[in-house]
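For reference, run-v1.txt (compact mmCIF, C-alpha atoms):
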# COMPACT_ATOMS: atom_id res chain seq x y z
CA MET A 172 -29.67 40.17 8.75
CA THR A 173 -32.64 37.87 8.32
CA THR A 174 -33.04 34.56 10.07
CA THR A 175 -32.49 32.78 6.77
CA GLN A 176 -29.17 34.48 6.17
CA SER A 177 -27.92 33.89 9.69
CA ALA A 178 -28.86 30.21 9.45
CA HIS A 179 -26.22 29.76 6.71
CA ARG A 180 -22.51 29.64 7.41
CA ASN A 181 -19.70 28.24 5.24
CA GLY A 182 -22.34 27.32 2.68
CA VAL A 183 -23.95 25.05 5.27
CA ASP A 184 -27.65 25.42 6.05
CA THR A 185 -27.17 25.13 9.79
CA ALA A 186 -30.93 25.20 10.45
CA ALA A 187 -31.31 22.17 8.18
CA LEU A 188 -28.30 20.54 9.84
CA PHE A 189 -29.82 20.84 13.33
CA ALA A 190 -33.25 19.82 12.01
CA THR A 191 -31.69 16.70 10.50
CA LEU A 192 -30.04 15.83 13.81
CA ASP A 193 -33.40 16.26 15.58
CA ALA A 194 -35.18 14.13 12.98
CA VAL A 195 -32.66 11.30 13.41
CA ARG A 196 -32.88 11.53 17.20
CA ASN A 197 -36.64 11.09 16.93
CA GLN A 198 -36.49 8.28 14.34
CA PRO A 199 -33.05 6.58 14.41
CA GLU A 200 -33.92 4.13 11.63
CA ILE A 201 -33.78 6.91 9.01
CA ALA A 202 -29.99 6.93 9.57
CA ARG A 203 -29.56 3.50 7.93
CA PHE A 204 -28.04 4.15 4.50
CA GLN A 205 -26.73 1.97 1.73
CA PHE A 206 -24.42 3.40 -0.91
CA ARG A 207 -23.75 1.63 -4.21
CA ALA A 208 -21.56 1.56 -7.27
CA SER A 209 -21.71 -0.57 -10.41
CA ASN A 210 -18.54 -1.23 -12.36
CA THR A 211 -17.86 -2.43 -15.91
CA TRP A 212 -14.53 -3.63 -17.26
CA VAL A 213 -13.38 -1.76 -20.37
CA SER A 214 -10.02 -3.32 -21.36
CA GLY A 215 -6.88 -4.31 -19.49
CA THR A 216 -6.77 -2.48 -16.17
CA HIS A 217 -9.24 0.15 -17.43
CA ASN A 218 -12.74 0.02 -15.94
CA ARG A 219 -15.48 2.43 -14.96
CA SER A 220 -18.07 2.74 -12.21
CA THR A 221 -21.38 4.52 -12.12
CA VAL A 222 -22.62 6.02 -8.86
CA ALA A 223 -26.29 6.95 -8.99
CA GLY A 224 -28.77 5.40 -6.57
CA PHE A 225 -28.63 4.85 -2.84
CA HIS A 226 -30.93 3.99 0.02
CA GLY A 227 -31.51 6.26 2.96
CA ALA A 228 -34.17 7.80 5.16
CA LEU A 229 -36.30 4.68 4.59
CA GLN A 230 -36.49 5.13 0.83
CA GLU A 231 -34.70 4.59 -2.47
CA MET A 232 -33.01 7.79 -3.60
CA GLU A 233 -31.12 9.01 -6.66
CA HIS A 234 -28.30 11.51 -6.81
CA LYS A 235 -29.17 14.68 -8.73
CA HIS A 236 -26.96 13.29 -11.49
CA ALA A 237 -25.19 9.97 -11.99
CA THR A 238 -21.40 10.13 -11.86
CA VAL A 239 -19.08 8.00 -13.96
CA LEU A 240 -15.71 7.25 -12.38
CA GLU A 241 -12.92 5.63 -14.37
CA ALA A 242 -9.85 3.79 -13.15
CA ASP A 243 -6.74 2.45 -14.80
CA HIS A 244 -3.11 1.72 -14.06
CA PRO A 245 -0.37 4.04 -15.30
CA ALA A 246 1.96 2.88 -18.07
CA VAL A 247 4.71 2.10 -15.57
CA LEU A 248 2.26 -0.42 -14.06
CA VAL A 249 1.32 -1.94 -17.42
CA GLY A 250 -1.88 0.10 -17.90
CA GLN A 251 -2.96 2.71 -20.43
CA ASP A 252 -3.20 5.52 -17.83
CA ASN A 253 -6.72 6.50 -18.85
CA ALA A 254 -7.62 7.52 -15.29
CA PRO A 255 -6.39 7.50 -11.67
CA THR A 256 -5.53 4.18 -10.07
CA PRO A 257 -8.02 2.57 -7.68
CA VAL A 258 -5.88 3.48 -4.66
CA GLU A 259 -5.85 7.19 -5.57
CA TYR A 260 -9.63 7.26 -5.07
CA LEU A 261 -9.02 6.42 -1.41
CA LEU A 262 -6.92 9.58 -1.09
CA HIS A 263 -9.71 11.72 -2.55
CA GLY A 264 -12.15 9.98 -0.21
CA ILE A 265 -10.27 10.79 2.97
CA ALA A 266 -9.59 14.43 1.97
CA ALA A 267 -13.22 14.97 0.96
CA CYS A 268 -14.63 13.35 4.11
CA LEU A 269 -12.43 15.29 6.52
CA THR A 270 -13.14 18.55 4.67
CA ALA A 271 -16.92 18.11 4.54
CA GLY A 272 -17.02 17.20 8.23
CA LEU A 273 -14.80 20.10 9.18
CA VAL A 274 -17.01 22.59 7.34
CA ASN A 275 -20.20 21.23 8.95
CA ILE A 276 -18.66 21.27 12.42
CA ALA A 277 -17.34 24.80 11.91
CA ALA A 278 -20.83 25.95 10.91
CA ALA A 279 -22.36 24.30 13.97
CA ARG A 280 -19.75 26.01 16.17
CA LYS A 281 -20.28 29.40 14.48
CA VAL A 282 -16.80 29.49 12.97
CA THR A 283 -16.64 31.09 9.53
CA LEU A 284 -14.02 29.45 7.32
CA THR A 285 -12.40 31.36 4.47
CA ASN A 286 -10.15 28.72 2.95
CA VAL A 287 -9.59 24.98 3.32
CA THR A 288 -7.14 23.03 1.19
CA SER A 289 -5.43 19.73 1.80
CA THR A 290 -2.82 17.45 0.36
CA VAL A 291 -2.80 13.69 0.78
CA GLU A 292 0.12 11.32 0.29
CA GLY A 293 -0.07 7.55 0.42
CA ASP A 294 3.04 5.37 0.53
CA ILE A 295 2.68 1.97 -1.06
CA ASN A 296 5.29 -0.67 -1.80
CA LEU A 297 4.18 -2.63 -4.84
CA LEU A 298 6.17 -5.70 -3.83
CA GLY A 299 2.96 -6.64 -2.00
CA ILE A 300 0.50 -6.55 -4.89
CA LEU A 301 3.10 -7.94 -7.30
CA GLY A 302 3.49 -11.01 -5.11
CA LEU A 303 7.23 -10.39 -4.77
CA SER A 304 7.28 -9.90 -1.02
CA ASP A 305 8.02 -12.62 1.52
CA GLY A 306 4.80 -11.55 3.22
CA SER A 307 6.32 -8.68 5.18
CA VAL A 308 5.07 -6.02 2.71
CA ARG A 309 1.34 -5.34 2.81
CA ASN A 310 -0.69 -4.83 -0.38
CA GLY A 311 -2.22 -1.52 0.68
CA TYR A 312 -0.87 1.80 1.84
CA GLN A 313 1.79 1.64 4.52
CA GLU A 314 0.77 5.12 5.62
CA ILE A 315 -1.53 7.89 4.44
CA ARG A 316 -0.75 11.48 5.46
CA VAL A 317 -3.30 14.28 5.20
CA THR A 318 -2.21 17.88 5.68
CA LEU A 319 -5.07 20.34 6.02
CA HIS A 320 -4.52 24.08 5.57
CA ILE A 321 -7.30 26.05 7.24
CA GLU A 322 -8.16 29.75 7.48
CA GLY A 323 -11.10 31.16 9.41
CA ASP A 324 -12.24 33.60 12.07
CA ALA A 325 -11.06 31.52 15.02
CA ASP A 326 -7.77 30.94 16.81
CA ASP A 327 -5.37 28.12 16.10
CA ALA A 328 -6.64 25.88 18.92
CA THR A 329 -10.26 26.27 17.82
CA LEU A 330 -9.45 25.50 14.17
CA ARG A 331 -7.44 22.43 15.22
CA GLY A 332 -10.37 21.35 17.38
CA LEU A 333 -12.63 21.39 14.31
CA VAL A 334 -10.29 19.01 12.51
CA GLU A 335 -10.01 16.75 15.53
CA GLN A 336 -13.80 16.50 15.76
CA SER A 337 -14.05 15.90 12.00
CA ARG A 338 -11.54 13.06 12.29
CA GLU A 339 -13.50 11.59 15.22
CA ARG A 340 -16.68 11.57 13.13
CA SER A 341 -15.26 10.70 9.72
CA ALA A 342 -16.70 7.70 7.90
CA VAL A 343 -13.70 7.36 5.57
CA TYR A 344 -11.16 7.77 8.39
CA ASP A 345 -12.88 4.94 10.25
CA ALA A 346 -13.18 2.77 7.13
CA LEU A 347 -9.43 3.05 6.54
CA THR A 348 -8.00 2.98 10.05
CA ASN A 349 -10.24 0.19 11.37
CA PRO A 350 -11.03 -3.15 9.71
CA THR A 351 -14.03 -2.95 7.37
CA PRO A 352 -15.60 -6.30 6.41
CA VAL A 353 -15.57 -6.75 2.63
CA VAL A 354 -17.48 -9.73 1.23
CA VAL A 355 -16.63 -10.77 -2.33
CA ASP A 356 -19.12 -12.91 -4.24
CA VAL A 357 -18.64 -14.32 -7.72
CA VAL A 358 -21.16 -15.21 -10.41
CA THR A 359 -19.74 -16.94 -13.52
CA GLY A 360 -21.05 -17.90 -16.93
CA MET B 1124 -0.24 -14.89 -35.15
CA THR B 1125 2.79 -12.72 -34.42
CA THR B 1126 4.58 -12.63 -31.11
CA THR B 1127 3.21 -9.15 -30.46
CA GLN B 1128 -0.37 -10.28 -30.90
CA SER B 1129 0.00 -13.37 -28.74
CA ALA B 1130 1.60 -11.29 -25.96
CA HIS B 1131 -1.68 -9.40 -25.48
CA ARG B 1132 -4.70 -10.88 -23.76
CA ASN B 1133 -7.69 -9.10 -22.22
CA GLY B 1134 -6.08 -5.80 -23.28
CA VAL B 1135 -3.10 -6.62 -21.06
CA ASP B 1136 0.40 -6.55 -22.52
CA THR B 1137 1.49 -9.76 -20.82
CA ALA B 1138 5.06 -9.43 -22.11
CA ALA B 1139 5.28 -6.03 -20.41
CA LEU B 1140 3.65 -7.49 -17.30
CA PHE B 1141 6.23 -10.24 -16.97
CA ALA B 1142 9.05 -7.80 -17.85
CA THR B 1143 7.85 -5.50 -15.06
CA LEU B 1144 7.85 -8.36 -12.58
CA ASP B 1145 11.42 -9.25 -13.64
CA ALA B 1146 12.54 -5.63 -13.35
CA VAL B 1147 11.15 -5.37 -9.81
CA ARG B 1148 12.73 -8.68 -8.82
CA ASN B 1149 16.10 -7.32 -9.96
CA GLN B 1150 15.67 -3.87 -8.35
CA PRO B 1151 13.03 -4.01 -5.58
CA GLU B 1152 13.35 -0.30 -4.72
CA ILE B 1153 11.54 0.65 -7.95
CA ALA B 1154 8.38 -0.77 -6.33
CA ARG B 1155 8.21 2.06 -3.78
CA PHE B 1156 5.38 4.35 -4.91
CA GLN B 1157 3.69 7.40 -3.47
CA PHE B 1158 0.27 8.46 -4.71
CA ARG B 1159 -1.15 11.92 -4.04
CA ALA B 1160 -4.26 14.05 -4.18
CA SER B 1161 -4.80 17.74 -3.47
CA ASN B 1162 -8.21 18.94 -2.35
CA THR B 1163 -9.88 22.36 -2.25
CA TRP B 1164 -13.05 23.25 -0.38
CA VAL B 1165 -15.72 24.80 -2.62
CA SER B 1166 -18.72 25.52 -0.32
CA GLY B 1167 -20.54 23.58 2.35
CA THR B 1168 -19.83 19.88 1.94
CA HIS B 1169 -18.76 20.38 -1.70
CA ASN B 1170 -15.04 20.03 -2.40
CA ARG B 1171 -12.82 18.78 -5.20
CA SER B 1172 -9.54 16.93 -5.52
CA THR B 1173 -6.99 16.85 -8.29
CA VAL B 1174 -5.01 13.68 -8.95
CA ALA B 1175 -2.01 14.28 -11.20
CA GLY B 1176 1.51 13.50 -10.00
CA PHE B 1177 2.94 10.49 -8.21
CA HIS B 1178 6.29 9.00 -7.38
CA GLY B 1179 7.36 5.58 -8.55
CA ALA B 1180 10.18 3.67 -10.17
CA LEU B 1181 12.65 6.06 -8.48
CA GLN B 1182 11.26 9.15 -10.23
CA GLU B 1183 8.53 11.78 -10.19
CA MET B 1184 5.82 10.91 -12.67
CA GLU B 1185 2.67 12.55 -14.04
CA HIS B 1186 -0.52 10.87 -15.16
CA LYS B 1187 -1.23 11.32 -18.87
CA HIS B 1188 -3.94 13.77 -17.76
CA ALA B 1189 -4.87 15.25 -14.40
CA THR B 1190 -8.26 14.13 -13.04
CA VAL B 1191 -10.60 16.33 -11.03
CA LEU B 1192 -12.82 14.46 -8.56
CA GLU B 1193 -15.67 16.21 -6.78
CA ALA B 1194 -17.47 15.23 -3.60
CA ASP B 1195 -20.56 16.49 -1.82
CA HIS B 1196 -23.32 15.29 0.45
CA PRO B 1197 -26.82 14.63 -0.92
CA ALA B 1198 -29.65 16.97 0.04
CA VAL B 1199 -30.93 14.48 2.61
CA LEU B 1200 -27.56 14.92 4.34
CA VAL B 1201 -27.61 18.71 4.15
CA GLY B 1202 -25.48 19.02 1.02
CA GLN B 1203 -26.12 20.27 -2.51
CA ASP B 1204 -25.62 16.84 -4.14
CA ASN B 1205 -23.10 18.16 -6.66
CA ALA B 1206 -21.19 14.87 -6.69
CA PRO B 1207 -20.89 11.47 -4.98
CA THR B 1208 -20.24 11.34 -1.25
CA PRO B 1209 -16.71 10.62 -0.01
CA VAL B 1210 -17.70 7.09 1.03
CA GLU B 1211 -18.99 6.22 -2.45
CA TYR B 1212 -15.45 6.68 -3.77
CA LEU B 1213 -14.38 3.75 -1.60
CA LEU B 1214 -16.91 1.54 -3.42
CA HIS B 1215 -15.51 2.54 -6.80
CA GLY B 1216 -12.00 1.91 -5.44
CA ILE B 1217 -12.67 -1.67 -4.36
CA ALA B 1218 -14.55 -2.58 -7.56
CA ALA B 1219 -11.83 -1.06 -9.75
CA CYS B 1220 -8.98 -2.70 -7.84
CA LEU B 1221 -10.49 -6.19 -7.86
CA THR B 1222 -11.37 -5.87 -11.56
CA ALA B 1223 -7.93 -4.64 -12.66
CA GLY B 1224 -6.22 -7.37 -10.66
CA LEU B 1225 -8.55 -10.03 -12.00
CA VAL B 1226 -7.89 -9.03 -15.60
CA ASN B 1227 -4.10 -9.02 -15.10
CA ILE B 1228 -4.16 -12.40 -13.39
CA ALA B 1229 -6.40 -13.84 -16.11
CA ALA B 1230 -3.96 -12.65 -18.76
CA ALA B 1231 -1.01 -14.18 -16.88
CA ARG B 1232 -2.91 -17.48 -16.63
CA LYS B 1233 -3.91 -17.40 -20.32
CA VAL B 1234 -7.64 -17.00 -19.58
CA THR B 1235 -9.48 -14.78 -22.04
CA LEU B 1236 -12.25 -12.80 -20.38
CA THR B 1237 -15.24 -11.59 -22.37
CA ASN B 1238 -17.20 -9.67 -19.73
CA VAL B 1239 -16.64 -8.45 -16.19
CA THR B 1240 -19.14 -6.35 -14.28
CA SER B 1241 -19.63 -5.83 -10.59
CA THR B 1242 -21.94 -4.21 -8.11
CA VAL B 1243 -20.87 -2.90 -4.75
CA GLU B 1244 -23.07 -2.14 -1.75
CA GLY B 1245 -21.93 -0.52 1.47
CA ASP B 1246 -24.12 -0.41 4.58
CA ILE B 1247 -23.59 2.57 6.83
CA ASN B 1248 -25.54 3.75 9.85
CA LEU B 1249 -25.24 7.51 10.08
CA LEU B 1250 -25.86 7.52 13.82
CA GLY B 1251 -22.08 7.16 14.03
CA ILE B 1252 -21.00 10.21 12.04
CA LEU B 1253 -23.89 12.27 13.40
CA GLY B 1254 -22.64 11.66 16.94
CA LEU B 1255 -26.00 10.17 17.94
CA SER B 1256 -24.74 6.71 18.82
CA ASP B 1257 -23.75 5.54 22.28
CA GLY B 1258 -20.49 4.41 20.71
CA SER B 1259 -21.81 1.08 19.47
CA VAL B 1260 -22.30 2.31 15.89
CA ARG B 1261 -19.12 2.83 13.91
CA ASN B 1262 -18.65 5.84 11.61
CA GLY B 1263 -17.69 3.85 8.54
CA TYR B 1264 -19.26 1.03 6.59
CA GLN B 1265 -20.56 -1.87 8.64
CA GLU B 1266 -20.09 -4.12 5.62
CA ILE B 1267 -19.18 -3.79 1.97
CA ARG B 1268 -20.36 -6.46 -0.47
CA VAL B 1269 -18.88 -6.85 -3.94
CA THR B 1270 -20.56 -9.14 -6.46
CA LEU B 1271 -18.48 -9.84 -9.56
CA HIS B 1272 -20.07 -11.26 -12.72
CA ILE B 1273 -17.43 -12.87 -14.91
CA GLU B 1274 -17.48 -14.50 -18.33
CA GLY B 1275 -14.48 -16.08 -20.03
CA ASP B 1276 -13.05 -19.17 -21.66
CA ALA B 1277 -12.45 -21.07 -18.44
CA ASP B 1278 -14.53 -23.16 -16.08
CA ASP B 1279 -16.26 -21.89 -12.97
CA ALA B 1280 -13.50 -23.00 -10.59
CA THR B 1281 -10.80 -21.35 -12.67
CA LEU B 1282 -12.73 -18.06 -12.91
CA ARG B 1283 -13.34 -18.07 -9.16
CA GLY B 1284 -9.65 -18.74 -8.63
CA LEU B 1285 -8.84 -15.56 -10.56
CA VAL B 1286 -11.04 -13.53 -8.23
CA GLU B 1287 -9.55 -15.18 -5.16
CA GLN B 1288 -6.04 -14.34 -6.31
CA SER B 1289 -7.10 -10.78 -7.15
CA ARG B 1290 -8.52 -10.38 -3.65
CA GLU B 1291 -5.31 -11.75 -2.15
CA ARG B 1292 -3.25 -9.17 -4.04
CA SER B 1293 -5.62 -6.19 -3.91
CA ALA B 1294 -4.29 -2.94 -2.48
CA VAL B 1295 -7.77 -1.52 -1.82
CA TYR B 1296 -9.06 -4.75 -0.26
CA ASP B 1297 -6.12 -4.67 2.15
CA ALA B 1298 -6.52 -0.93 2.84
CA LEU B 1299 -10.16 -1.47 3.83
CA THR B 1300 -10.06 -4.82 5.63
CA ASN B 1301 -6.88 -4.16 7.62
CA PRO B 1302 -5.99 -1.05 9.62
CA THR B 1303 -4.26 1.61 7.52
CA PRO B 1304 -2.41 4.30 9.47
CA VAL B 1305 -3.77 7.77 8.59
CA VAL B 1306 -1.86 10.77 9.96
CA VAL B 1307 -3.74 14.09 9.97
CA ASP B 1308 -1.70 17.30 10.22
CA VAL B 1309 -3.14 20.81 10.44
CA VAL B 1310 -1.70 24.14 9.34
CA THR B 1311 -3.73 27.22 10.33
CA GLY B 1312 -3.67 30.91 9.47
Would you encode the structure as structure tokens?
Amino acid sequence: MTTTQSAHRNGVDTAALFATLDAVRNQPEIARFQFRASNTWVSGTHNRSTVAGFHGALQEMEHKHATVLEADHPAVLVGQDNAPTPVEYLLHGIAACLTAGLVNIAAARKVTLTNVTSTVEGDINLLGILGLSDGSVRNGYQEIRVTLHIEGDADDATLRGLVEQSRERSAVYDALTNPTPVVVDVVTG
Amino acid sequence: MTTTQSAHRNGVDTAALFATLDAVRNQPEIARFQFRASNTWVSGTHNRSTVAGFHGALQEMEHKHATVLEADHPAVLVGQDNAPTPVEYLLHGIAACLTAGLVNIAAARKVTLTNVTSTVEGDINLLGILGLSDGSVRNGYQEIRVTLHIEGDADDATLRGLVEQSRERSAVYDALTNPTPVVVDVVTG
């Protein structure tokens, strides 16, 4: 086995991972990132965002390719069902964030994973967004449940420890479970 | 103009919108929805979710078509940059939710919109998720800013009022700005 091969685990370049941590330790300001999306209304509840550029490591950066994300409401909610609803993107976000973190942490801890899948459910009572609640029903999810199924060359406690650490370090978990300031500005005309 | 034509505005079937509100008033339990995503790890920080089925209006439902959503980290964050990061999906979610709500509310208030675009920025300091903070830096976004550009046949105050009402009724705005319970379960082996 060469050094290069042994530095990869779970598809993670662990040498690059530790080098990145060292680089940020030495120059903390490179950790300041700004992510962006730009959205255009199509018709009714149908709209689409483009995700392309971001700022990080003290420079403007571009993703390898721009991604177009659509959103709509289903017919039962007076949409044309061209795409997932806005709230379903939150469920993808939490699953993706916990999974990516888990895989990185496993690589750092020398655990080889063979399979990771997850299901996410989010309960929402639309009385809130429809304005038909007396104020007791919130607009957003009442609860989100993530169930991760994990296989790898480590015992149950170790695998659960990977998930716990991923949850502790998850950007999306924090954004959902703790208040995130959202400023809304409007330009008309 | 026929009744059918006049019942549509901004691509919203306002007759269906008001009928839906009446139906929920008469039978509030049809407003209980559950949205879902299922995610599979690909390699490294690359993973993909499928959004297809959901529960609502007292029945299991399927979107007109299933949507596959990918996620990855950019190269600067030790990924392969196959797709947007998990946190970028939150930015699409808030833009899409505010836009869909705005368009529905405009239709209900007989405002015809001609153009709606928005940009979203989210500031995040990666010292949090990298575990290099003393605890003072959160994992998630420090702030998200949405700027909506709106054109329509109403004055500035009226257009701003549409956005304010959309924000008040937004599921994603609530999910981000207020704590959302997220339960994480693990199945190993």
Excluding segment 259-273 of chain A and any residue of its chain fewer than 2 positions from it, enumerate the residues within 7 Å of it, using only C-alpha atoms, and give them as a VMD selection string. (chain A and resid 255 to 257 275 to 277 289 291 333 to 334 337 to 338 341 343 to 344) or (chain B and resid 1158 to 1160 1162 1164 1167 to 1170 1172 1194 1209 to 1210 1212 to 1213 1216)
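One distance worth recording is that between atom CA of Gln1288 of chain B and atom CA of Thr351 of chain A, which is 19.5 Å.
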Please, which residues are within 10 Å of (-28.7, 14.5, 14.7) by the file's coordinates, counting only C-alpha atoms, and could they come as a PyMOL selection string? (chain A and resi 188-199+202) or (chain B and resi 1249-1256)
Atom pair atom CA of His1196 of chain B / atom CA of Lys235 of chain A: separation (Å): 10.9 Å
So that I can check the surroundings of Asn296 of chain A, please list as a PDB file with C-alpha atoms, in the coordinates of the input every protein, DNA and RNA residue that reaches within 9 Å of it, counting all atoms listed in the file and ignoring chain neighbours fewer than 6 positions away.
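Written file, around_29.pdb:
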ATOM      1  CA  VAL A 308       5.070  -6.020   2.710  1.00  0.00           C
ATOM      2  CA  ARG A 309       1.340  -5.340   2.810  1.00  0.00           C
ATOM      3  CA  ASN A 310      -0.690  -4.830  -0.380  1.00  0.00           C
ATOM      4  CA  GLY A 311      -2.220  -1.520   0.680  1.00  0.00           C
ATOM      5  CA  TYR A 312      -0.870   1.800   1.840  1.00  0.00           C
ATOM      6  CA  GLN A 313       1.790   1.640   4.520  1.00  0.00           C
TER       7      GLN A 313
ATOM      8  CA  GLU B1152      13.350  -0.300  -4.720  1.00  0.00           C
ATOM      9  CA  ILE B1153      11.540   0.650  -7.950  1.00  0.00           C
ATOM     10  CA  ALA B1154       8.380  -0.770  -6.330  1.00  0.00           C
ATOM     11  CA  ARG B1155       8.210   2.060  -3.780  1.00  0.00           C
ATOM     12  CA  PHE B1156       5.380   4.350  -4.910  1.00  0.00           C
ATOM     13  CA  GLN B1157       3.690   7.400  -3.470  1.00  0.00           C
TER      14      GLN B1157
END
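Nearest residue to chain A among B:Gly1258, B:Gly1202, B:Gly1176, B:Pro1302 is B:Pro1302, counting all atoms listed in the file.
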If you measure from atom CA of Glu314 of chain A to atom CA of Val1305 of chain B, what distance in Å do you get, rounded to one decimal? 6.0 Å
Ala325 of chain A proximity check over B:Gly1312, B:Ala1175, B:Leu1299, B:Val1165, using only C-alpha atoms: winner is B:Gly1312
Which is closer to chain B than all the others in A:Asn349, A:Thr283, A:Gln230, A:Ser307, using all atoms listed in the file? A:Asn349
Neighbouring residues of Asp1276 of chain B were defined as those with any atom within 10 Å, considering only C-alpha atoms; residues of the same chain fewer than 3 positions away were excluded. Please report them as a PyMOL selection string. (chain A and resi 360) or (chain B and resi 1233-1237+1279+1281-1282)
What would the file look like if the residues just selected were written as a short mmCIF file (atom, residue, chain, number, x, y, z; two decimals), in the frame of the given file with C-alpha atoms?
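Done, and the output landed in part-v3.cif:
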data_model
loop_
_atom_site.label_atom_id
_atom_site.label_comp_id
_atom_site.auth_asym_id
_atom_site.auth_seq_id
_atom_site.Cartn_x
_atom_site.Cartn_y
_atom_site.Cartn_z
CA GLY A 360 -21.05 -17.90 -16.93
CA LYS B 1233 -3.91 -17.40 -20.32
CA VAL B 1234 -7.64 -17.00 -19.58
CA THR B 1235 -9.48 -14.78 -22.04
CA LEU B 1236 -12.25 -12.80 -20.38
CA THR B 1237 -15.24 -11.59 -22.37
CA ASP B 1279 -16.26 -21.89 -12.97
CA THR B 1281 -10.80 -21.35 -12.67
CA LEU B 1282 -12.73 -18.06 -12.91
#
My list of candidates is A:Asp326, A:Glu231, A:Asp294, A:Glu335. Which is closest to chain B when distances are computed with all atoms listed in the file?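 When distances to chain B are compared using all atoms listed in the file, the smallest one comes from A:Asp294.
Proximity to chain B was assessed for A:Met232, A:Ala328, A:Val317, A:Val239 counting only C-alpha atoms; the smallest distance is recorded for A:Val317.
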List as a list in words the protein and nucleic acid residues near Val357 of chain A, meaning an atom at most 8 Å away when all atoms listed in the file are counted, but skip any in the same chain fewer than 5 places from it.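 My list of contacting residues is Thr1270, Leu1271, His1272, Ile1273, Arg1283 and Val1286 of chain B.
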Edge lengths and centre, in Å to one decimal, as lines of an AutoDock Vina configuration file: that's what I need for the box along x, y and z that holds all listed atoms of segment 1238-1244 of chain B plus 4 Å on each side.
center_x = -19.9
center_y = -5.9
center_z = -10.7
size_x = 14.4
size_y = 15.5
size_z = 26.0
Go through B:Arg1292, B:Arg1232, B:Arg1132, B:His1188 one by one, measure the shortest atom-to-atom distance of each to chain A using all atoms listed in the file, and give the residue with the smallest value.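 Result for the nearest residue to chain A: B:Arg1292.
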